[in-house]
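Printed here is query.cif (mmCIF, C-alpha atoms):
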data_query
loop_
_atom_site.label_atom_id
_atom_site.label_comp_id
_atom_site.auth_asym_id
_atom_site.auth_seq_id
_atom_site.Cartn_x
_atom_site.Cartn_y
_atom_site.Cartn_z
CA MET A 1 0.00 0.00 0.00
CA LYS A 2 1.37 3.41 -0.96
CA ILE A 3 2.21 6.09 1.59
CA LYS A 4 -0.04 9.15 1.24
CA LEU A 5 2.63 11.86 1.25
CA ALA A 6 1.75 15.54 1.48
CA LEU A 7 4.52 17.58 -0.17
CA LEU A 8 4.25 20.97 1.51
CA PHE A 9 5.97 24.07 0.09
CA GLY A 10 5.78 27.85 -0.34
CA GLY A 11 4.98 29.95 2.71
CA LYS A 12 5.21 33.54 3.90
CA SER A 13 8.94 33.92 3.31
CA VAL A 14 11.37 35.83 1.12
CA GLU A 15 12.51 32.36 0.01
CA HIS A 16 9.02 31.41 -1.18
CA GLU A 17 9.96 30.91 -4.83
CA ILE A 18 13.04 28.86 -3.95
CA SER A 19 10.82 26.56 -1.93
CA VAL A 20 8.62 25.98 -4.98
CA ILE A 21 11.66 25.02 -7.06
CA SER A 22 13.09 22.68 -4.41
CA ALA A 23 9.75 20.98 -3.79
CA LEU A 24 8.88 20.31 -7.41
CA GLN A 25 12.38 18.91 -7.95
CA ALA A 26 11.65 16.47 -5.14
CA ALA A 27 8.20 15.64 -6.55
CA ALA A 28 9.84 14.50 -9.78
CA ALA A 29 12.29 12.29 -7.86
CA LEU A 30 9.87 10.58 -5.45
CA ASP A 31 9.18 6.92 -6.25
CA SER A 32 5.61 6.72 -7.55
CA GLU A 33 5.50 3.01 -6.69
CA LYS A 34 5.96 3.84 -3.00
CA TYR A 35 4.25 7.20 -2.58
CA ASP A 36 0.96 8.76 -3.50
CA VAL A 37 2.25 12.34 -3.62
CA LEU A 38 -0.12 15.21 -2.94
CA PRO A 39 1.50 18.62 -3.60
CA VAL A 40 0.19 21.24 -1.15
CA TYR A 41 1.07 24.87 -1.86
CA LEU A 42 1.24 27.35 1.02
CA THR A 43 0.65 30.87 -0.30
CA LYS A 44 2.40 34.00 0.92
CA GLN A 45 -0.77 34.64 2.96
CA ASN A 46 -0.42 31.17 4.60
CA ALA A 47 -3.42 29.60 2.85
CA PHE A 48 -3.16 25.95 1.76
CA TYR A 49 -4.05 24.91 -1.80
CA THR A 50 -3.89 21.67 -3.73
CA GLY A 51 -4.87 20.37 -7.14
CA PRO A 52 -3.21 19.34 -10.42
CA ALA A 53 -1.95 22.86 -11.17
CA VAL A 54 -0.09 23.00 -7.85
CA GLY A 55 2.35 20.38 -9.14
CA ASP A 56 3.04 22.20 -12.42
CA ILE A 57 6.01 24.59 -12.30
CA LYS A 58 4.68 26.57 -15.28
CA ALA A 59 1.52 27.45 -13.33
CA TYR A 60 3.56 29.60 -10.92
CA CYS A 61 4.07 32.21 -13.61
CA ASP A 62 0.51 33.35 -12.80
CA ILE A 63 -0.30 32.76 -9.14
CA PRO A 64 -3.89 34.18 -9.24
CA ALA A 65 -4.75 31.81 -12.09
CA LEU A 66 -3.07 28.94 -10.23
CA LEU A 67 -5.17 29.55 -7.12
CA LYS A 68 -8.36 29.90 -9.15
CA ALA A 69 -7.69 26.50 -10.74
CA SER A 70 -6.87 24.87 -7.38
CA ARG A 71 -8.73 23.96 -4.24
CA GLN A 72 -8.18 25.57 -0.84
CA VAL A 73 -7.85 23.10 2.02
CA ILE A 74 -7.33 23.23 5.79
CA PRO A 75 -5.08 20.72 7.57
CA ALA A 76 -6.61 19.37 10.79
CA ASN A 77 -6.16 16.61 13.33
CA ILE A 78 -9.29 14.46 13.05
CA GLY A 79 -9.41 11.54 15.46
CA GLY A 80 -5.64 11.64 15.84
CA LYS A 81 -5.06 11.50 12.08
CA ALA A 82 -3.69 14.31 9.93
CA THR A 83 -6.45 15.25 7.51
CA LEU A 84 -7.07 17.78 4.76
CA LEU A 85 -10.49 19.41 4.84
CA TYR A 86 -12.16 21.18 1.95
CA TYR A 87 -12.56 24.92 2.45
CA PRO A 88 -15.30 25.82 1.96
CA PRO A 89 -16.86 22.33 2.26
CA LYS A 90 -17.65 20.65 -1.05
CA GLY A 91 -21.38 20.19 -0.66
CA ARG A 92 -21.82 17.82 2.26
CA ARG A 93 -18.25 16.61 1.92
CA THR A 94 -15.81 18.11 4.40
CA ILE A 95 -12.91 15.63 4.41
CA MET A 96 -10.73 15.55 1.31
CA THR A 97 -8.13 12.98 2.37
CA GLU A 98 -6.10 11.65 5.27
CA ILE A 99 -2.31 12.06 5.26
CA ASP A 100 0.23 9.42 6.29
CA CYS A 101 3.33 11.62 6.23
CA VAL A 102 4.32 15.21 5.44
CA LEU A 103 7.40 16.26 3.50
CA PRO A 104 7.88 20.00 4.15
CA ILE A 105 10.29 21.61 1.70
CA VAL A 106 10.13 25.18 2.86
CA HIS A 107 12.81 27.80 3.32
CA GLY A 108 13.16 30.81 5.58
CA THR A 109 11.17 32.51 8.29
CA ASN A 110 7.57 31.52 9.06
CA ALA A 111 8.27 28.10 7.60
CA GLU A 112 11.73 26.58 8.16
CA ASP A 113 12.16 28.28 11.54
CA GLY A 114 10.01 25.92 13.62
CA THR A 115 6.72 27.72 12.96
CA LEU A 116 5.48 25.11 10.50
CA GLN A 117 7.10 22.23 12.38
CA GLY A 118 5.13 23.11 15.51
CA PHE A 119 1.92 23.08 13.48
CA LEU A 120 2.81 19.69 12.03
CA ARG A 121 3.40 18.33 15.53
CA LEU A 122 -0.16 19.39 16.40
CA LEU A 123 -1.46 17.61 13.29
CA GLY A 124 0.02 14.38 14.59
CA ALA A 125 1.51 13.21 11.29
CA PRO A 126 5.10 12.06 10.87
CA PHE A 127 6.99 14.84 9.10
CA VAL A 128 10.37 14.88 7.43
CA GLY A 129 13.22 17.01 8.70
CA CYS A 130 14.12 18.76 11.92
CA ASP A 131 11.75 19.08 14.85
CA VAL A 132 10.70 22.40 16.37
CA ALA A 133 13.74 23.29 18.48
CA ALA A 134 16.38 22.34 15.91
CA SER A 135 14.47 24.23 13.22
CA ALA A 136 14.20 27.37 15.33
CA ILE A 137 17.87 27.39 16.37
CA GLY A 138 18.99 26.45 12.88
CA MET A 139 17.23 29.51 11.47
CA ASP A 140 18.71 31.91 14.01
CA LYS A 141 22.29 32.66 13.01
CA TYR A 142 23.18 34.09 16.42
CA ALA A 143 21.58 31.32 18.49
CA GLN A 144 23.26 28.59 16.50
CA LYS A 145 26.66 30.29 16.89
CA CYS A 146 26.18 30.25 20.67
CA VAL A 147 25.32 26.54 20.63
CA PHE A 148 28.22 25.64 18.34
CA ARG A 149 30.72 27.64 20.40
CA GLN A 150 29.50 25.91 23.56
CA ASN A 151 30.16 22.56 21.85
CA GLY A 152 33.69 23.43 20.81
CA ILE A 153 32.90 24.04 17.13
CA PRO A 154 34.88 26.99 15.68
CA VAL A 155 32.78 30.04 14.73
CA LEU A 156 33.64 33.69 14.06
CA ASP A 157 33.27 36.37 16.69
CA CYS A 158 30.17 38.45 16.07
CA ALA A 159 27.89 41.19 17.35
CA LEU A 160 24.09 41.12 17.42
CA LEU A 161 22.31 44.42 16.81
CA ARG A 162 18.60 45.11 17.27
CA ALA A 163 16.73 47.61 15.14
CA SER A 164 15.45 49.43 18.23
CA SER A 165 18.99 49.97 19.55
CA TYR A 166 20.24 51.12 16.17
CA ASP A 167 17.39 53.55 15.68
CA ALA A 168 18.01 55.03 19.14
CA ASP A 169 21.75 55.68 18.62
CA PRO A 170 23.11 54.71 15.19
CA ASP A 171 26.47 56.47 15.62
CA SER A 172 27.30 54.64 18.83
CA CYS A 173 26.23 51.29 17.37
CA GLU A 174 28.31 51.76 14.25
CA ALA A 175 31.36 52.78 16.28
CA LYS A 176 31.09 49.65 18.42
CA LEU A 177 30.67 47.41 15.37
CA ALA A 178 33.72 48.98 13.73
CA GLU A 179 35.81 47.64 16.63
CA LEU A 180 35.39 44.17 15.10
CA GLY A 181 37.62 45.40 12.27
CA PHE A 182 36.81 46.10 8.63
CA PRO A 183 35.83 44.53 6.33
CA LEU A 184 32.65 43.30 7.99
CA ILE A 185 29.86 40.99 6.91
CA VAL A 186 26.37 42.27 7.74
CA LYS A 187 23.38 39.94 7.50
CA PRO A 188 19.84 39.48 8.84
CA ALA A 189 19.98 37.15 11.82
CA ASN A 190 17.19 34.84 10.68
CA LEU A 191 17.15 34.62 6.88
CA GLY A 192 18.70 32.22 4.40
CA SER A 193 19.59 32.21 0.70
CA SER A 194 22.01 35.11 1.32
CA VAL A 195 19.11 37.58 1.37
CA GLY A 196 20.16 41.01 2.68
CA ILE A 197 23.84 40.11 3.15
CA THR A 198 26.49 42.75 2.40
CA LYS A 199 30.25 43.10 2.80
CA ALA A 200 31.15 46.51 4.28
CA SER A 201 34.70 47.84 3.98
CA SER A 202 34.15 51.31 5.42
CA PRO A 203 31.91 53.15 7.93
CA GLU A 204 29.82 54.50 5.07
CA ALA A 205 29.37 51.04 3.59
CA LEU A 206 28.51 49.69 7.04
CA ARG A 207 25.63 52.14 7.37
CA ARG A 208 24.27 51.15 3.96
CA ALA A 209 24.63 47.46 4.83
CA LEU A 210 22.75 47.88 8.11
CA ASP A 211 19.95 49.78 6.36
CA LEU A 212 19.59 46.91 3.89
CA ALA A 213 19.70 44.14 6.49
CA PHE A 214 17.12 45.85 8.71
CA ARG A 215 14.69 45.84 5.77
CA PHE A 216 14.44 42.06 6.20
CA ALA A 217 14.87 41.47 9.93
CA ALA A 218 14.66 43.20 13.31
CA ARG A 219 17.95 41.63 14.41
CA VAL A 220 21.19 41.83 12.44
CA LEU A 221 24.40 39.87 12.82
CA VAL A 222 27.77 41.53 12.12
CA GLU A 223 31.05 39.61 11.97
CA PRO A 224 34.57 40.05 10.54
CA ALA A 225 35.01 38.99 6.94
CA VAL A 226 37.30 36.00 6.40
CA GLN A 227 40.28 36.95 4.28
CA HIS A 228 41.35 34.79 1.29
CA LEU A 229 37.87 33.28 1.51
CA ARG A 230 36.94 29.86 0.22
CA GLU A 231 33.49 28.44 0.99
CA ILE A 232 33.32 24.73 1.74
CA ASN A 233 29.96 23.02 2.30
CA CYS A 234 28.97 19.56 3.41
CA ALA A 235 25.59 17.87 3.87
CA VAL A 236 24.61 15.54 6.72
CA LEU A 237 21.93 12.83 6.68
CA GLY A 238 20.51 11.16 9.76
CA ASP A 239 19.32 12.11 13.24
CA GLY A 240 20.62 12.43 16.78
CA ASN A 241 21.29 8.68 16.99
CA SER A 242 23.17 8.17 13.74
CA ALA A 243 24.36 10.58 11.04
CA ARG A 244 26.80 10.61 8.16
CA ALA A 245 28.36 13.29 5.96
CA SER A 246 28.30 13.74 2.20
CA VAL A 247 31.23 14.74 0.04
CA CYS A 248 32.38 18.35 0.37
CA GLU A 249 31.73 21.01 -2.23
CA GLU A 250 33.23 24.38 -3.04
CA PRO A 251 30.83 26.86 -4.70
CA LEU A 252 32.52 28.89 -7.41
CA ASN A 253 30.82 32.19 -6.72
CA ALA A 254 31.22 35.29 -8.84
CA ASP A 255 31.16 37.64 -5.84
CA GLU A 256 33.14 37.63 -2.61
CA ILE A 257 29.86 36.64 -0.94
CA LEU A 258 27.73 33.90 -2.46
CA SER A 259 24.68 36.02 -3.22
CA TYR A 260 21.03 35.15 -3.82
CA GLU A 261 21.66 35.94 -7.50
CA ASN A 262 24.63 33.55 -7.64
CA LYS A 263 22.60 30.80 -6.00
CA TYR A 264 19.33 30.99 -7.87
CA LEU A 265 19.22 33.50 -10.69
CA ASN A 266 22.61 33.81 -12.38
CA GLY A 267 21.11 35.89 -15.14
CA GLY A 268 18.56 33.19 -15.96
CA LYS A 269 21.20 31.10 -17.70
CA ASN A 270 21.97 27.42 -17.58
CA LYS A 271 25.41 25.89 -17.05
CA SER A 272 26.37 26.35 -20.69
CA GLY A 273 25.51 30.05 -20.53
CA ALA A 274 22.44 29.75 -22.74
CA LYS A 275 19.34 31.71 -21.75
CA LEU A 276 16.69 29.53 -20.18
CA PRO A 277 13.25 29.54 -21.83
CA SER A 278 10.51 30.92 -19.61
CA SER A 279 8.86 27.50 -19.38
CA GLN A 280 11.99 25.79 -18.03
CA PRO A 281 12.19 25.87 -14.22
CA SER A 282 15.40 26.86 -12.50
CA LYS A 283 17.38 24.02 -10.95
CA GLY A 284 18.09 26.15 -7.90
CA MET A 285 21.16 25.26 -5.87
CA ALA A 286 21.76 22.21 -8.07
CA SER A 287 22.62 24.47 -11.03
CA LEU A 288 25.21 26.57 -9.18
CA GLU A 289 28.74 26.15 -10.49
CA ARG A 290 30.76 24.22 -7.94
CA LYS A 291 33.59 21.76 -7.45
CA ILE A 292 32.34 18.38 -6.22
CA PRO A 293 34.27 17.06 -4.43
CA ALA A 294 35.97 20.22 -3.23
CA ASP A 295 39.64 20.55 -4.17
CA ILE A 296 40.95 20.36 -0.60
CA PRO A 297 43.35 17.97 1.17
CA PRO A 298 41.78 14.75 2.49
CA ALA A 299 42.59 15.73 6.08
CA LEU A 300 40.71 19.03 5.70
CA ALA A 301 37.75 17.28 4.04
CA ALA A 302 37.62 14.82 6.96
CA ARG A 303 37.66 17.71 9.44
CA VAL A 304 34.83 19.48 7.62
CA GLN A 305 32.78 16.29 7.61
CA ASP A 306 33.43 15.63 11.29
CA LEU A 307 32.49 19.18 12.31
CA ALA A 308 29.38 19.03 10.10
CA VAL A 309 28.13 15.85 11.81
CA ARG A 310 28.92 17.29 15.25
CA ALA A 311 27.00 20.48 14.45
CA PHE A 312 24.05 18.46 13.09
CA GLN A 313 23.83 16.26 16.15
CA CYS A 314 24.39 18.92 18.81
CA LEU A 315 21.26 20.66 17.47
CA ASP A 316 19.47 17.27 17.36
CA CYS A 317 18.73 17.69 13.65
CA SER A 318 16.93 15.11 11.53
CA GLY A 319 16.68 14.46 7.80
CA VAL A 320 19.16 16.35 5.65
CA ALA A 321 20.94 19.59 6.52
CA ARG A 322 23.75 21.45 4.76
CA VAL A 323 26.54 22.87 6.90
CA ASP A 324 28.49 25.79 5.41
CA PHE A 325 32.07 26.62 6.35
CA LEU A 326 34.36 29.59 5.75
CA LEU A 327 38.01 28.78 5.02
CA ASN A 328 40.93 31.19 4.99
CA GLY A 329 42.76 29.79 1.98
CA GLU A 330 46.08 31.22 3.16
CA THR A 331 46.15 30.36 6.88
CA GLY A 332 43.88 27.29 6.79
CA ALA A 333 41.64 28.70 9.55
CA LEU A 334 38.21 27.06 9.32
CA TYR A 335 34.95 28.40 10.75
CA LEU A 336 31.43 27.01 10.71
CA ASN A 337 29.30 29.70 9.09
CA GLU A 338 25.78 28.30 9.42
CA ILE A 339 23.59 25.24 9.19
CA ASN A 340 20.66 25.03 6.76
CA THR A 341 18.07 22.63 8.13
CA ILE A 342 16.13 22.45 4.82
CA PRO A 343 18.75 23.28 2.20
CA GLY A 344 17.95 24.29 -1.35
CA SER A 345 17.38 21.22 -3.54
CA LEU A 346 17.82 19.22 -0.30
CA SER A 347 21.50 19.10 -1.33
CA PHE A 348 20.80 15.93 -3.32
CA TYR A 349 23.75 16.73 -5.60
CA LEU A 350 26.14 16.19 -2.66
CA TRP A 351 24.83 12.66 -2.10
CA GLU A 352 24.86 11.38 -5.66
CA PRO A 353 28.70 11.13 -5.70
CA THR A 354 28.47 8.86 -2.63
CA GLY A 355 26.23 6.42 -4.54
CA LEU A 356 22.99 7.68 -3.00
CA PRO A 357 20.60 8.85 -5.76
CA TYR A 358 17.89 11.40 -5.02
CA PRO A 359 14.97 8.90 -4.83
CA ARG A 360 16.81 6.83 -2.20
CA LEU A 361 17.83 9.97 -0.30
CA LEU A 362 14.14 10.90 -0.05
CA ASP A 363 13.31 7.36 1.07
CA GLU A 364 15.82 7.61 3.93
CA MET A 365 14.48 11.01 4.99
CA ILE A 366 10.93 9.67 5.11
CA GLN A 367 12.01 6.62 7.12
CA LEU A 368 13.73 8.94 9.60
CA ALA A 369 10.43 10.79 10.01
CA TYR A 370 8.67 7.52 10.87
CA ARG A 371 11.44 6.56 13.30
CA ARG A 372 11.05 9.85 15.20
CA GLN A 373 7.27 9.39 15.24
CA ARG A 374 7.66 5.92 16.79
CA MET A 375 10.06 7.29 19.40
CA ASN A 376 7.66 10.12 20.29
CA GLU A 377 4.78 7.68 20.63
CA ASP A 378 6.78 5.77 23.26
CA LEU A 379 7.13 8.92 25.39
CA GLN A 380 4.66 9.95 28.05
CA PHE A 381 3.17 13.41 27.50
CA SER A 382 0.30 13.39 30.02
CA PHE A 383 -0.87 11.86 33.27
CA ASP A 384 -4.15 10.10 33.93
CA THR A 385 -5.35 12.05 36.97
CA ASN A 386 -8.61 13.13 38.48
CA VAL A 387 -7.45 16.68 39.26
CA LEU A 388 -10.35 18.48 37.60
CA ALA A 389 -12.98 16.15 39.08
CA ASN A 390 -11.84 16.99 42.61
CA ALA A 391 -10.81 20.60 42.08
CA ASP A 392 -12.14 23.53 44.10
CA PHE A 393 -12.96 26.02 41.34
CA GLY A 394 -13.51 28.88 43.78
CA GLY A 395 -14.26 32.06 41.83
CA VAL A 396 -14.21 30.41 38.39
CA LYS A 397 -17.58 30.99 36.78
CA SER A 398 -19.31 28.18 34.94
#

Go ahead and render the structure in this file as structure tokens.
Amino acid sequence: MKIKLALLFGGKSVEHEISVISALQAAAALDSEKYDVLPVYLTKQNAFYTGPAVGDIKAYCDIPALLKASRQVIPANIGGKATLLYYPPKGRRTIMTEIDCVLPIVHGTNAEDGTLQGFLRLLGAPFVGCDVAASAIGMDKYAQKCVFRQNGIPVLDCALLRASSYDADPDSCEAKLAELGFPLIVKPANLGSSVGITKASSPEALRRALDLAFRFAARVLVEPAVQHLREINCAVLGDGNSARASVCEEPLNADEILSYENKYLNGGKNKSGAKLPSSQPSKGMASLERKIPADIPPALAARVQDLAVRAFQCLDCSGVARVDFLLNGETGALYLNEINTIPGSLSFYLWEPTGLPYPRLLDEMIQLAYRRQRMNEDLQFSFDTNVLANADFGGVKS
């Protein structure tokens, strides 16, 4: 019997479109003999829609038409089972279908940051990927740095700045940040896909960078830029009990910072440089020029992989995450930059060289979701007591 798999994507996030690309890549790779896949699109207003058009990448060129051709649904826990309800009800029919498992492929705030994961916990369905706490910490660049530092994982020094403090005294804030030493990297504290990130080499550039970052977040992280920068990334698959690392990669970015444009747009061209037709979907992170495996010594690759697994497990991650490192190519100093708990394209391209094709990677991620569900079901979350029956309600009105 096939698993009824809800593939959930979109959301109220600046990475909304990237989520659509990643999810529909996965939809094409899922084994149709094992899964009955139901694509569920979460709009930027957090409304759920499904229907044939939701699984068609071309339909996203005209979102109003897509929604008109689709059906709005509401996820609910009915009798302990995750269920999609028609909204509004379809005649006398309210229930559309029950769901066995959820595969959320979402990126950014209001989705990847634990918000959606908490909702899925309430639904009661097994869901792929990190649980609430790991998702929340993994989305907060400052919080994860604190956890990694506590666990002996090398990270850069940094300063966290709130919009309210900056608005109250910008000159003082900028002077304190400058003590970190130019050039500086300025980035929103809780966004991914390199949105709002700037390298500032002067006080004037720092002010512009802060203005940009505060457009996207109320908290901004500032840290020294790594000189002679090389970016080395590694993916991890597993959970807190067992995890393994992929091969390492080195993105070949055009800028000193791997920008949103480098990652996803690149002028709308494919690897050969030819212009993509409007009907051809972007391949997202999978199309970025990169060296796989990274051209680094075996000892350094092993260290990256070891640190990646340690970072993954100290946050109690599950599924697949990508861990990004900053390397000073001259001194060899290595720093963990950030962890991405739902990476673009699910980093499937880092697993293929290990002999793990995308369909099998998805199988393992789904099995991990079921394993966590079984573990949670063995835990006790409530007590059978008679407290309310014997309580003195005093001034509580009935």

| Atom-to-atom span, atom CA of Ala133 of chain A and atom CA of Ser242 of chain A, Å | 18.4 Å

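Excluding Phe119 of chain A itself and any same-chain residue fewer than 5 positions from it, the protein and nucleic acid residues within 12 Å of it, counting only C-alpha atoms, are Pro75, Ala76, Asn77, Ala82, Val102, Pro104, Asn110, Ala111, Glu112, Asp113, Gly114, Gly124, Ala125, Pro126, Phe127, Asp131 and Val132 of chain A.
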
Write a file of the just-selected residues containing C-alpha atoms, as a short mmCIF file (atom, residue, chain, number, x, y, z; two decimals), in the frame of the given file.
data_model
loop_
_atom_site.label_atom_id
_atom_site.label_comp_id
_atom_site.auth_asym_id
_atom_site.auth_seq_id
_atom_site.Cartn_x
_atom_site.Cartn_y
_atom_site.Cartn_z
CA PRO A 75 -5.08 20.72 7.57
CA ALA A 76 -6.61 19.37 10.79
CA ASN A 77 -6.16 16.61 13.33
CA ALA A 82 -3.69 14.31 9.93
CA VAL A 102 4.32 15.21 5.44
CA PRO A 104 7.88 20.00 4.15
CA ASN A 110 7.57 31.52 9.06
CA ALA A 111 8.27 28.10 7.60
CA GLU A 112 11.73 26.58 8.16
CA ASP A 113 12.16 28.28 11.54
CA GLY A 114 10.01 25.92 13.62
CA GLY A 124 0.02 14.38 14.59
CA ALA A 125 1.51 13.21 11.29
CA PRO A 126 5.10 12.06 10.87
CA PHE A 127 6.99 14.84 9.10
CA ASP A 131 11.75 19.08 14.85
CA VAL A 132 10.70 22.40 16.37
#

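Residues matched by the PyMOL selection byres ((chain A and resi 195-208) around 6) in this file are Phe182, Pro183, Leu184, Ile185, Val186, Lys187, Ser193, Ser194, Ala209, Leu210, Asp211 and Ala213 of chain A.
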
| task | Would you list the contacts of segment 146-161 of chain A as JSON, numbers by chain, taking every protein, DNA or RNA residue within 7 Å and counting all atoms listed in the file, but skipping same-chain residues closer than 6 positions in sequence? | result | {"A": [219, 220, 221, 222, 223, 307, 311, 335, 336, 337]}

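Here, the PyMOL selection byres ((chain A and resi 190) around 8) matches Gly108, Thr109, Met139, Asp140, Lys141, Pro188, Ala189, Leu191, Gly192, Ala217 and Arg219 of chain A.
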
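With distances restricted to all atoms listed in the file, A:Val20 is the closest residue to Cys61 of chain A from A:Asn328, A:Ala175, A:Val20, A:Val226.
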
| request: Given the file shown, enumerate the residues that the PyMOL selection byres ((chain A and resi 351-356) around 9) captures and present them as an MDAnalysis selection string. | output: chainID A and resid 235 245:247 292:293 347:350 357:361

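In this comparison, which uses only C-alpha atoms, the residue of A:Gly181, A:Gly129, A:Gly80, A:Gly51 approaching Leu66 of chain A most closely is A:Gly51.
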
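Note that atom CA of Thr97 of chain A and atom CA of Leu67 of chain A are 19.3 Å apart.
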
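Note that atom CA of Ser22 of chain A and atom CA of Tyr370 of chain A are 22.0 Å apart.
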
Determine the axis-aligned bounding box of all atoms of segment 78-89 of chain A present in the file, pad each side by 4 Å, and express its centre and edge lengths in Å to one decimal place as AutoDock Vina command-line options.
--center_x -10.3 --center_y 18.7 --center_z 8.9 --size_x 21.2 --size_y 22.3 --size_z 21.9

Contacts of Ile63 of chain A within 12 Å, all atoms listed in the file, excl. fewer than 6 positions in-chain, as a PDB file with C-alpha atoms, in the frame of the given file:
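Okay, part_17.pdb is ready:
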ATOM      1  CA  GLY A  10       5.780  27.850  -0.340  1.00  0.00           C
ATOM      2  CA  GLU A  17       9.960  30.910  -4.830  1.00  0.00           C
ATOM      3  CA  VAL A  20       8.620  25.980  -4.980  1.00  0.00           C
ATOM      4  CA  TYR A  41       1.070  24.870  -1.860  1.00  0.00           C
ATOM      5  CA  LEU A  42       1.240  27.350   1.020  1.00  0.00           C
ATOM      6  CA  THR A  43       0.650  30.870  -0.300  1.00  0.00           C
ATOM      7  CA  LYS A  44       2.400  34.000   0.920  1.00  0.00           C
ATOM      8  CA  TYR A  49      -4.050  24.910  -1.800  1.00  0.00           C
ATOM      9  CA  ALA A  53      -1.950  22.860 -11.170  1.00  0.00           C
ATOM     10  CA  VAL A  54      -0.090  23.000  -7.850  1.00  0.00           C
ATOM     11  CA  ASP A  56       3.040  22.200 -12.420  1.00  0.00           C
ATOM     12  CA  ILE A  57       6.010  24.590 -12.300  1.00  0.00           C
ATOM     13  CA  ALA A  69      -7.690  26.500 -10.740  1.00  0.00           C
ATOM     14  CA  SER A  70      -6.870  24.870  -7.380  1.00  0.00           C
TER      15      SER A  70
END

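Candidate residues A:Leu180, A:Ile232, A:Ala333, A:Val14 were compared for distance to Lys291 of chain A, and the nearest is A:Ile232, using all atoms listed in the file.
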
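Minimum atom-to-atom distances from A:Arg290, A:Arg244, A:Arg374, A:Arg92 to Gly319 of chain A were compared using all atoms listed in the file, and the lowest value belongs to A:Arg244.
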
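Distance check against Asp306 of chain A using all atoms listed in the file: of A:Ala26, A:Cys173, A:Ala134, A:Val323, the minimum falls on A:Val323.
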